[in-house]
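Colleague: File follows, input34.cif with mmCIF, C-alpha atoms and all ligand atoms:
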```cif
data_protein
#
loop_
_atom_site.label_atom_id
_atom_site.label_comp_id
_atom_site.auth_asym_id
_atom_site.auth_seq_id
_atom_site.Cartn_x
_atom_site.Cartn_y
_atom_site.Cartn_z
CA MET A 1 -30.53 13.64 -9.85
CA THR A 2 -33.84 13.01 -8.07
CA LEU A 3 -33.47 11.65 -4.58
CA PRO A 4 -35.73 8.85 -3.34
CA PRO A 5 -38.25 10.16 -0.75
CA SER A 6 -37.44 9.86 2.95
CA THR A 7 -39.13 6.89 4.65
CA MET A 8 -39.13 8.52 8.06
CA SER A 9 -42.65 10.00 8.22
CA ALA A 10 -44.35 6.74 7.20
CA ALA A 11 -42.32 4.69 9.68
CA LEU A 12 -42.93 7.08 12.56
CA ASP A 13 -46.61 7.38 11.71
CA GLU A 14 -46.97 3.61 12.08
CA GLU A 15 -45.25 3.77 15.45
CA LEU A 16 -47.46 6.64 16.58
CA ARG A 17 -50.60 4.73 15.62
CA ALA A 18 -49.46 1.73 17.66
CA LEU A 19 -48.94 4.04 20.65
CA GLU A 20 -52.40 5.52 20.15
CA THR A 21 -54.02 2.07 20.03
CA ALA A 22 -52.29 1.11 23.28
CA GLY A 23 -53.42 4.34 24.98
CA LEU A 24 -49.77 5.39 25.30
CA LYS A 25 -49.56 8.35 22.92
CA ARG A 26 -48.57 11.54 24.71
CA ALA A 27 -49.25 15.12 23.71
CA LEU A 28 -48.21 18.49 25.05
CA ARG A 29 -50.78 20.89 26.52
CA GLN A 30 -50.23 24.52 27.46
CA ALA A 31 -50.05 25.56 31.12
CA GLN A 32 -49.58 29.15 32.21
CA GLN A 33 -50.22 31.81 34.87
CA ARG A 34 -49.71 29.58 37.87
CA ARG A 35 -51.15 31.01 41.06
CA ALA A 36 -52.51 29.84 44.42
CA GLY A 37 -52.61 26.16 43.47
CA THR A 38 -54.28 26.81 40.11
CA VAL A 39 -53.04 27.10 36.54
CA ILE A 40 -54.51 28.00 33.16
CA PHE A 41 -54.37 24.67 31.37
CA ASN A 42 -55.27 24.55 27.69
CA GLY A 43 -57.04 27.87 28.10
CA GLU A 44 -59.03 27.10 31.26
CA ARG A 45 -58.13 27.83 34.88
CA VAL A 46 -58.08 24.57 36.84
CA ALA A 47 -56.97 23.50 40.31
CA ASP A 48 -53.50 22.06 39.82
CA PHE A 49 -53.01 18.72 41.57
CA ALA A 50 -50.56 17.47 38.94
CA SER A 51 -47.44 19.57 39.59
CA ASN A 52 -44.60 19.17 42.06
CA ASP A 53 -44.88 22.69 43.47
CA TYR A 54 -45.28 21.20 46.96
CA LEU A 55 -44.48 24.35 48.92
CA GLY A 56 -46.25 26.73 46.53
CA LEU A 57 -43.04 28.59 45.67
CA ALA A 58 -43.06 28.32 41.87
CA ALA A 59 -45.17 31.48 41.56
CA ASP A 60 -44.04 33.27 44.72
CA PRO A 61 -43.34 36.93 43.82
CA ARG A 62 -40.39 37.08 46.24
CA VAL A 63 -38.65 34.32 44.28
CA ALA A 64 -39.41 36.09 41.00
CA ARG A 65 -38.06 39.38 42.40
CA ALA A 66 -34.80 37.71 43.46
CA ALA A 67 -34.37 36.39 39.92
CA TRP A 68 -35.24 39.79 38.44
CA ALA A 69 -32.59 41.61 40.46
CA VAL A 70 -29.86 39.29 39.17
CA LEU A 71 -31.28 39.29 35.64
CA GLN A 72 -30.86 43.05 35.52
CA ALA A 73 -27.30 42.90 36.79
CA GLU A 74 -26.05 39.78 35.01
CA GLY A 75 -28.25 39.13 31.99
CA THR A 76 -29.97 35.92 31.08
CA GLY A 77 -27.43 33.18 30.61
CA ALA A 78 -24.28 31.72 32.16
CA ALA A 79 -23.02 31.76 28.54
CA ALA A 80 -20.72 28.76 28.87
CA ALA A 81 -20.07 25.55 30.76
CA ARG A 82 -18.94 26.35 34.30
CA LEU A 83 -15.49 24.86 33.66
CA ILE A 84 -14.99 27.19 30.70
CA SER A 85 -16.21 30.67 31.66
CA GLY A 86 -19.65 30.14 33.14
CA ASN A 87 -18.90 29.79 36.85
CA HIS A 88 -20.62 32.67 38.65
CA PRO A 89 -20.07 33.38 42.38
CA ILE A 90 -23.80 32.85 42.93
CA HIS A 91 -23.45 29.22 41.78
CA GLU A 92 -20.94 28.71 44.56
CA THR A 93 -23.10 30.53 47.13
CA LEU A 94 -26.00 28.26 46.24
CA GLU A 95 -23.79 25.16 46.47
CA HIS A 96 -22.60 26.17 49.94
CA THR A 97 -26.17 26.88 51.06
CA LEU A 98 -27.36 23.50 49.81
CA ALA A 99 -24.42 21.76 51.49
CA ARG A 100 -25.36 23.34 54.83
CA LEU A 101 -29.00 22.31 54.41
CA LYS A 102 -28.10 18.74 53.47
CA GLN A 103 -25.32 18.42 56.08
CA VAL A 104 -22.79 17.36 53.47
CA ASP A 105 -19.29 18.71 52.80
CA PHE A 106 -19.97 19.87 49.25
CA THR A 107 -22.63 20.02 46.58
CA LEU A 108 -22.48 20.49 42.81
CA LEU A 109 -25.23 22.02 40.68
CA TYR A 110 -26.61 20.36 37.55
CA PRO A 111 -29.02 21.90 35.04
CA SER A 112 -31.70 19.30 35.88
CA GLY A 113 -32.34 16.23 38.01
CA TYR A 114 -32.33 14.07 34.92
CA MET A 115 -28.85 15.29 34.02
CA ALA A 116 -27.62 14.86 37.58
CA ASN A 117 -28.68 11.24 37.74
CA VAL A 118 -27.31 10.21 34.37
CA GLY A 119 -24.07 12.11 34.92
CA VAL A 120 -23.36 11.07 38.49
CA ILE A 121 -24.14 7.36 38.25
CA ALA A 122 -22.15 7.05 35.04
CA ALA A 123 -19.19 8.79 36.69
CA LEU A 124 -19.19 6.47 39.70
CA ALA A 125 -19.63 3.02 38.18
CA ASP A 126 -18.12 1.23 35.20
CA HIS A 127 -17.32 -2.24 33.82
CA GLY A 128 -16.58 -4.57 36.71
CA ASP A 129 -18.93 -2.76 39.10
CA VAL A 130 -22.47 -3.57 40.17
CA ILE A 131 -25.45 -1.28 40.74
CA TYR A 132 -28.42 -2.39 42.80
CA SER A 133 -31.44 -0.38 41.68
CA ASP A 134 -34.91 -0.31 43.24
CA ALA A 135 -37.56 -1.66 40.84
CA LEU A 136 -39.52 1.60 40.94
CA ASN A 137 -36.61 3.98 40.37
CA HIS A 138 -37.15 7.02 38.13
CA ALA A 139 -36.24 6.87 34.42
CA SER A 140 -33.24 9.17 34.98
CA LEU A 141 -31.76 6.71 37.48
CA ILE A 142 -32.41 3.81 35.12
CA ASP A 143 -30.72 5.69 32.29
CA GLY A 144 -27.75 6.55 34.52
CA CYS A 145 -27.36 2.85 35.35
CA ARG A 146 -27.45 1.97 31.65
CA LEU A 147 -24.89 4.62 30.74
CA SER A 148 -22.49 3.45 33.41
CA ARG A 149 -21.74 0.08 31.76
CA ALA A 150 -21.84 -1.58 35.19
CA GLN A 151 -23.88 -4.73 35.80
CA VAL A 152 -27.34 -3.67 36.98
CA ARG A 153 -29.39 -5.71 39.44
CA ILE A 154 -33.00 -4.69 40.04
CA PHE A 155 -34.32 -5.51 43.50
CA PRO A 156 -38.04 -5.56 44.41
CA HIS A 157 -39.36 -2.19 45.53
CA ASN A 158 -38.30 -1.24 49.08
CA ASP A 159 -37.33 -4.87 49.80
CA LEU A 160 -34.22 -4.77 51.99
CA ASP A 161 -34.28 -8.53 52.56
CA ALA A 162 -34.06 -9.19 48.84
CA LEU A 163 -31.31 -6.59 48.52
CA SER A 164 -29.42 -8.15 51.40
CA ALA A 165 -29.63 -11.61 49.80
CA MET A 166 -28.30 -10.23 46.51
CA LEU A 167 -25.39 -8.49 48.22
CA GLU A 168 -24.62 -11.63 50.20
CA ALA A 169 -24.60 -13.77 47.07
CA GLU A 170 -22.43 -11.75 44.76
CA ARG A 171 -21.02 -8.50 46.15
CA ALA A 172 -17.56 -10.03 46.36
CA SER A 173 -17.43 -10.59 42.59
CA PHE A 174 -17.42 -6.89 41.80
CA ARG A 175 -15.08 -3.97 42.37
CA ARG A 176 -17.59 -1.28 43.43
CA ALA A 177 -21.21 -1.67 44.47
CA LEU A 178 -23.68 1.22 44.36
CA ILE A 179 -27.18 1.03 45.80
CA VAL A 180 -29.50 3.48 44.04
CA VAL A 181 -32.89 4.42 45.51
CA GLU A 182 -35.30 7.32 45.70
CA GLY A 183 -35.99 9.03 49.04
CA VAL A 184 -39.66 9.53 48.17
CA PHE A 185 -40.75 7.51 45.15
CA SER A 186 -42.10 9.83 42.52
CA MET A 187 -45.05 7.77 41.32
CA ASP A 188 -45.94 5.91 44.55
CA GLY A 189 -45.20 8.54 47.16
CA ASP A 190 -43.71 6.07 49.65
CA MET A 191 -40.24 6.36 51.19
CA PHE A 192 -37.21 4.09 51.13
CA PRO A 193 -36.22 3.03 54.68
CA LEU A 194 -32.88 4.82 54.65
CA ASP A 195 -32.18 4.10 58.33
CA ARG A 196 -32.07 0.38 57.51
CA LEU A 197 -30.27 0.88 54.21
CA VAL A 198 -27.15 2.49 55.72
CA PRO A 199 -26.02 -0.39 57.99
CA LEU A 200 -26.74 -2.97 55.27
CA ALA A 201 -24.72 -1.04 52.71
CA ARG A 202 -21.81 -0.49 55.09
CA ARG A 203 -21.66 -4.19 56.01
CA HIS A 204 -21.19 -5.00 52.34
CA GLN A 205 -18.94 -2.07 51.46
CA ALA A 206 -21.59 -0.79 49.08
CA TRP A 207 -22.10 2.93 48.41
CA THR A 208 -25.47 4.54 48.92
CA TYR A 209 -27.08 6.86 46.35
CA VAL A 210 -30.36 8.59 47.26
CA ASP A 211 -32.34 10.67 44.79
CA ASP A 212 -34.40 12.91 47.04
CA ALA A 213 -36.12 14.84 44.26
CA HIS A 214 -39.48 14.66 46.02
CA GLY A 215 -38.32 14.84 49.65
CA THR A 216 -36.13 17.94 49.38
CA GLY A 217 -37.83 20.98 50.90
CA VAL A 218 -40.80 18.97 52.17
CA LEU A 219 -39.58 16.34 54.62
CA GLY A 220 -37.57 16.66 57.81
CA ALA A 221 -37.76 19.41 60.41
CA THR A 222 -35.80 21.88 58.26
CA GLY A 223 -36.84 20.55 54.86
CA ALA A 224 -33.55 18.74 54.29
CA GLY A 225 -35.56 15.79 53.02
CA THR A 226 -35.67 12.07 53.70
CA ILE A 227 -32.07 12.13 54.95
CA GLU A 228 -33.21 14.32 57.83
CA HIS A 229 -36.52 12.46 58.21
CA PHE A 230 -34.66 9.19 58.82
CA GLY A 231 -31.81 10.79 60.80
CA VAL A 232 -29.10 9.59 58.42
CA ASP A 233 -27.49 12.99 57.84
CA GLY A 234 -23.88 12.58 56.78
CA GLN A 235 -24.26 8.81 56.31
CA ILE A 236 -25.42 8.61 52.69
CA ASP A 237 -22.59 8.66 50.16
CA VAL A 238 -24.41 10.48 47.37
CA VAL A 239 -27.49 12.66 47.84
CA VAL A 240 -29.27 14.14 44.83
CA GLY A 241 -32.02 16.70 45.08
CA THR A 242 -33.94 18.72 42.54
CA LEU A 243 -34.73 22.42 42.63
CA GLY A 244 -37.65 22.40 40.19
CA LYS A 245 -40.10 20.70 42.52
CA ALA A 246 -40.64 21.93 46.12
CA LEU A 247 -38.27 24.86 45.57
CA GLY A 248 -40.14 26.02 42.50
CA THR A 249 -37.17 26.91 40.28
CA VAL A 250 -35.03 24.65 38.09
CA GLY A 251 -31.96 22.44 38.30
CA ALA A 252 -30.56 19.92 40.72
CA TYR A 253 -27.59 19.28 42.97
CA VAL A 254 -25.56 16.35 44.11
CA GLY A 255 -24.11 16.37 47.61
CA GLY A 256 -21.45 14.36 49.38
CA SER A 257 -17.77 14.44 50.20
CA GLN A 258 -15.15 16.78 48.77
CA GLU A 259 -13.68 13.85 46.83
CA LEU A 260 -17.06 13.05 45.29
CA VAL A 261 -17.59 16.58 44.05
CA GLU A 262 -14.00 16.93 42.82
CA LEU A 263 -14.36 13.71 40.86
CA LEU A 264 -17.64 14.81 39.31
CA VAL A 265 -16.13 18.10 38.19
CA SER A 266 -13.51 16.12 36.29
CA ARG A 267 -15.58 13.12 35.19
CA SER A 268 -19.29 13.79 35.03
CA ARG A 269 -20.15 14.43 31.39
CA SER A 270 -23.56 16.02 32.00
CA PHE A 271 -21.85 18.58 34.27
CA ILE A 272 -18.77 19.19 32.14
CA PHE A 273 -20.37 19.47 28.73
CA THR A 274 -23.29 21.74 29.44
CA THR A 275 -23.98 25.43 30.04
CA GLY A 276 -24.14 26.57 33.66
CA THR A 277 -27.44 27.37 35.38
CA PRO A 278 -28.50 30.97 34.62
CA PRO A 279 -27.26 33.07 37.58
CA ALA A 280 -30.76 34.57 37.97
CA MET A 281 -32.17 31.09 38.51
CA ALA A 282 -29.54 30.39 41.16
CA ALA A 283 -30.64 33.63 42.88
CA ALA A 284 -34.27 32.49 42.68
CA THR A 285 -33.35 29.17 44.28
CA LEU A 286 -31.47 30.90 47.11
CA GLU A 287 -34.58 32.95 47.86
CA ALA A 288 -36.81 29.85 47.67
CA LEU A 289 -34.48 28.10 50.14
CA ARG A 290 -34.67 31.07 52.49
CA ILE A 291 -38.47 31.09 52.36
CA ALA A 292 -38.65 27.30 52.82
CA GLN A 293 -36.52 27.70 55.96
CA VAL A 294 -38.41 30.54 57.62
CA GLU A 295 -41.91 29.47 56.59
CA GLY A 296 -42.04 26.00 58.09
CA TRP A 297 -45.84 26.22 58.01
CA ARG A 298 -45.64 25.29 54.33
CA ARG A 299 -44.36 21.81 55.21
CA ASP A 300 -47.10 21.36 57.81
CA ALA A 301 -49.72 22.56 55.32
CA VAL A 302 -48.73 19.99 52.67
CA ARG A 303 -48.91 17.17 55.21
CA GLU A 304 -52.27 18.36 56.49
CA ARG A 305 -53.69 18.43 52.96
CA ALA A 306 -52.31 14.99 52.18
CA ARG A 307 -53.92 13.58 55.34
CA ARG A 308 -57.23 15.21 54.47
CA LEU A 309 -57.26 13.95 50.88
CA ARG A 310 -56.50 10.38 51.93
CA GLN A 311 -59.13 10.53 54.64
CA ARG A 312 -61.79 11.81 52.21
CA LEU A 313 -60.89 9.24 49.54
CA ARG A 314 -61.05 6.42 52.09
CA GLU A 315 -64.42 7.69 53.31
CA GLY A 316 -65.48 7.50 49.66
CA GLY A 317 -64.52 3.81 49.57
CA LEU A 318 -61.16 4.07 47.83
CA ASP A 319 -58.11 2.06 48.76
CA VAL A 320 -55.28 4.60 48.82
CA PRO A 321 -51.80 3.17 49.38
CA GLY A 322 -48.93 4.94 51.08
CA ASP A 323 -48.02 6.92 54.15
CA ALA A 324 -50.94 8.94 55.60
CA GLU A 325 -49.00 12.20 55.27
CA GLY A 326 -47.23 11.48 51.99
CA HIS A 327 -47.66 14.44 49.66
CA ILE A 328 -47.93 12.26 46.53
CA VAL A 329 -51.17 10.28 46.45
CA PRO A 330 -51.42 7.50 43.87
CA VAL A 331 -54.83 6.12 42.90
CA ILE A 332 -54.15 2.93 40.98
CA ILE A 333 -56.54 2.36 38.06
CA GLY A 334 -54.69 -0.36 36.11
CA ASP A 335 -55.69 0.24 32.52
CA ALA A 336 -53.93 3.10 30.68
CA LYS A 337 -56.94 4.22 28.63
CA ARG A 338 -59.30 4.21 31.61
CA THR A 339 -56.74 6.25 33.53
CA MET A 340 -56.63 8.91 30.84
CA GLU A 341 -60.45 8.96 30.64
CA LEU A 342 -60.55 9.71 34.35
CA VAL A 343 -57.96 12.46 33.92
CA ALA A 344 -60.18 14.03 31.24
CA ASN A 345 -63.29 13.62 33.40
CA LEU A 346 -61.59 15.40 36.32
CA ARG A 347 -60.37 18.14 34.04
CA ARG A 348 -63.96 18.81 32.94
CA ARG A 349 -64.75 19.20 36.62
CA GLY A 350 -61.95 21.76 37.02
CA PHE A 351 -59.12 19.56 38.37
CA LEU A 352 -55.78 18.79 36.81
CA VAL A 353 -54.33 15.49 38.07
CA GLY A 354 -51.50 13.44 36.60
CA GLY A 355 -52.29 10.39 34.51
CA VAL A 356 -49.32 8.04 34.67
CA ARG A 357 -48.92 5.17 32.22
CA PRO A 358 -46.18 2.75 31.13
CA PRO A 359 -43.29 3.08 30.67
CA THR A 360 -43.33 5.55 33.59
CA VAL A 361 -44.95 2.83 35.73
CA PRO A 362 -45.11 -0.97 35.19
CA PRO A 363 -47.82 -2.26 32.81
CA GLY A 364 -51.19 -2.79 34.52
CA THR A 365 -50.48 -0.16 37.19
CA SER A 366 -51.54 3.01 35.37
CA ARG A 367 -52.71 5.52 37.90
CA LEU A 368 -53.83 8.96 38.82
CA ARG A 369 -51.03 10.80 40.54
CA ILE A 370 -52.31 13.52 42.83
CA SER A 371 -49.79 15.88 44.37
CA LEU A 372 -50.59 18.29 47.15
CA SER A 373 -49.34 21.82 47.62
CA ALA A 374 -49.20 24.04 50.71
CA VAL A 375 -51.22 26.63 48.81
CA HIS A 376 -54.20 24.39 47.93
CA PRO A 377 -57.23 25.70 49.80
CA MET A 378 -58.56 22.90 52.01
CA GLU A 379 -62.05 23.13 50.45
CA LEU A 380 -60.47 22.40 47.08
CA VAL A 381 -58.98 19.20 48.50
CA ASP A 382 -62.44 18.14 49.68
CA THR A 383 -64.03 18.94 46.31
CA LEU A 384 -61.33 17.02 44.47
CA ALA A 385 -61.95 13.94 46.64
CA ALA A 386 -65.72 14.16 46.07
CA SER A 387 -65.26 14.65 42.32
CA LEU A 388 -62.87 11.72 42.04
CA CYS A 389 -65.14 9.38 43.99
CA ASP A 390 -68.01 10.49 41.79
CA ALA A 391 -66.02 9.96 38.60
CA LEU A 392 -65.15 6.45 39.77
CA ARG A 393 -68.76 5.89 40.87
CA VAL A 394 -67.74 4.36 44.15
CA ARG A 395 -69.86 6.61 46.32
C1 LIG B 1 -37.12 10.89 41.34
C2 LIG B 1 -36.81 11.89 40.28
N1 LIG B 1 -35.54 12.12 39.96
C3 LIG B 1 -35.21 13.02 39.02
C4 LIG B 1 -36.16 13.73 38.34
C5 LIG B 1 -35.75 14.68 37.27
O1 LIG B 1 -35.67 15.97 37.77
P1 LIG B 1 -35.70 17.22 36.77
O2 LIG B 1 -37.12 17.47 36.46
O3 LIG B 1 -35.04 18.31 37.52
O4 LIG B 1 -34.95 16.80 35.55
C6 LIG B 1 -37.49 13.55 38.65
C7 LIG B 1 -38.50 14.37 37.96
O5 LIG B 1 -39.55 14.02 37.59
C8 LIG B 1 -37.84 12.59 39.63
O6 LIG B 1 -39.12 12.34 39.93
#
```
In structure tokens, how does this file's structure come out?
Ligand SMILES: Cc1ncc(COP(=O)(O)O)c(C=O)c1O

Modeller:
Amino acid sequence: MTLPPSTMSAALDEELRALETAGLKRALRQAQQRRAGTVIFNGERVADFASNDYLGLAADPRVARAAWAVLQAEGTGAAAARLISGNHPIHETLEHTLARLKQVDFTLLYPSGYMANVGVIAALADHGDVIYSDALNHASLIDGCRLSRAQVRIFPHNDLDALSAMLEAERASFRRALIVVEGVFSMDGDMFPLDRLVPLARRHQAWTYVDDAHGTGVLGATGAGTIEHFGVDGQIDVVVGTLGKALGTVGAYVGGSQELVELLVSRSRSFIFTTGTPPAMAAATLEALRIAQVEGWRRDAVRERARRLRQRLREGGLDVPGDAEGHIVPVIIGDAKRTMELVANLRRRGFLVGGVRPPTVPPGTSRLRISLSAVHPMELVDTLAASLCDALRVR
């Protein structure tokens, strides 16, 4: 019997062409041999202002050596979910170290920040609950809200008055309320005012959930993140941080009370049904945490470079939003295609910057996303600013 042909390729091709026409088609490029703020991208070494390696630890040989030592002793994989037979003592050492840094009772590791957010939000909220989510929250937080089956209310970005009015109007109609925000917003680089969030949430018996993917390691005197920056240590119910950004390795953790972590171990599907972090990667993260603690100059260096870039861009006539020291610098372009043309133009000049389009950001707000690293030479920051101003022809 001859089978009719599959219709998949034709249907997907049509969809891909629509994405191309809208300037929204994405494609993978190769990046390798990261060192000193540069990377070989599609075969050419460029200055890397697109990654989240804020402290310059992703290619630090000390971190690699720590991983290597455990690789030799333990092999490559955890081999099973941690609840089955994949729970290595080094996972627990890392969890205790992260708990001390974050000033929480316990933490729990996840294979990635995406998995932490979907698995934790879905474990905490259900039918009959409400989640208040900042309008600019990361896709993983949005997906966690959707998976939870709770009612989701989006409040305008960083707008505590609007959030307060929503809580006032309807909090009483729901069992649990969870307020979900980012510490440092990934695409805008600004911070949520956590010091004002805590009293508001407590007044309404709402729980606070802060994804500090971009603050961890960088902000606060010891690198504990926005929690430390705003002095709300121990006051946020759920703190999530990622290990693949400032700490240069991979994975994520969620921190909070003993009850929170115990519940997640029994309920959080993206923790339960997945293989544990490779022990060697946990060792690498422990070393990265040690370096981040003793080399505080890295945090100062990122801030200094962020200040310098903003100053140079403003001198060049650009309007750059955000905190003067924020290590993520967005340059809003608007149109998606124009944004990607600028990304290509900068790449020809030897700079890799992020081009961010919908659905990552709202339509009409496509942008260049420039991220600073402690290991960027200052002259490179100046040259990037000059090249960008030139590419935009605003000088
Ligand atoms: C705010 C935020 N949360 C979570 C994640 C996901 O983290 P991971 O890359 O570890 O999955 C990201 C990464 O881009 C992020 O920006």

Colleague: Could you report the residues within 9 Å of ligand LIG 1 (chain B), using all atoms listed in the file, as a PyMOL selection string?

Modeller: chain A and resi 52+110-117+137-141+181-187+211-214+240-245+250-252

Colleague: Pick the closest to A:Asn42 from A:Leu101, A:Ala27, A:Leu12, A:Val70: which is it, counting only C-alpha atoms?

Modeller: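 Under the stated criterion, the closest residue is A:Ala27.
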
Colleague: Residues within 9 Å of A:Arg307, please, as a ChimeraX atom specification. Count only C-alpha atoms; anything in the same chain fewer than 2 positions from it doesn't count.

Modeller: /A:302-305,309-312,323-327

Colleague: Which one of A:Phe271, A:Phe230, A:Phe155, A:Phe351 sits closest to A:Ala81 if you count only C-alpha atoms?

Modeller: A:Phe271

Colleague: Can you pull out every residue within 7 Å of stretch 291-294 of chain A, counting only C-alpha atoms, but drop anything in the same chain fewer than 4 positions away, and send it as an MDAnalysis selection string?

Modeller: chainID A and resid 217 222 287

Colleague: Could you check which residues have any atom within 12 Å of (-51.2, -0.7, 36.6), counting all atoms listed in the file with coordinates taken straight from the file, and then list them as a list in words?

Modeller: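 Answer for this query, in the requested form: Met187, Asp188, Pro330, Val331, Ile332, Ile333, Gly334, Asp335, Ala336, Lys337, Arg338, Thr339, Gly355, Val356, Arg357, Pro358, Pro359, Thr360, Val361, Pro362, Pro363, Gly364, Thr365, Ser366, Arg367 and Leu368 of chain A.
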
Colleague: Interatomic distance between atom CA of A:Val63 and atom CA of A:Gly248?

Modeller: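 Here the two named atoms are 8.6 Å from each other.
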
Colleague: Find the residues with any atom within 8 Å of (-22.9, 16.4, 46.1); use all atoms listed in the file and the coordinates as given in the file, and write the answer as a list in words.

Modeller: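 The answer, in the requested form, is Ala99, Val104, Asp105, Phe106, Thr107, Leu108, Val238, Val239, Val240, Tyr253, Val254, Gly255, Gly256, Ser257, Leu260 and Val261 of chain A.
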
Colleague: Separation of atom CA of A:Ile370 and atom CA of A:Glu315, in Å?

Modeller: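 Answer for the atom CA of A:Ile370 to atom CA of A:Glu315 separation: 17.0 Å.
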
Colleague: Closest to A:Gly56 among A:Ala36, A:Leu194, A:Met340, A:Leu19, using only C-alpha atoms?

Modeller: A:Ala36

Colleague: I need the residue nearest A:Ala306 from this list: A:Lys25, A:His376, A:Arg82, A:Arg34. Use all atoms listed in the file for the distance.

Modeller: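 Of all the options, A:His376 lies closest to A:Ala306.
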
Colleague: Can you tell me how far atom CA of A:Arg196 sits from atom CA of A:Glu170, in Å to one decimal?

Modeller: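 So the answer is 20.1 Å.
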
Colleague: Under the rule that all atoms listed in the file are counted, which of A:Ser164, A:Thr216, A:Thr208, A:Thr249 is the nearest residue to A:Pro278?

Modeller: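 Counting all atoms listed in the file, the residue closest to A:Pro278 is A:Thr249.
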
Colleague: If we count all atoms listed in the file and set the cut-off at 8 Å, which residues sit around A:Arg299, ignoring sequence neighbours fewer than 6 positions away in its own chain? Please answer as a list in words.

Modeller: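 Counting only the stated atoms, we get Leu55, Gly217, Val218, Leu219, Gly223 and Ala374 of chain A.
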
Colleague: Pick from A:Leu167, A:Ile142, A:Val265, A:Ala224: nearest to A:Arg203, with all atoms listed in the file counted?

Modeller: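 Checking each of A:Leu167, A:Ile142, A:Val265, A:Ala224 against A:Arg203, counting all atoms listed in the file, the winner is A:Leu167.
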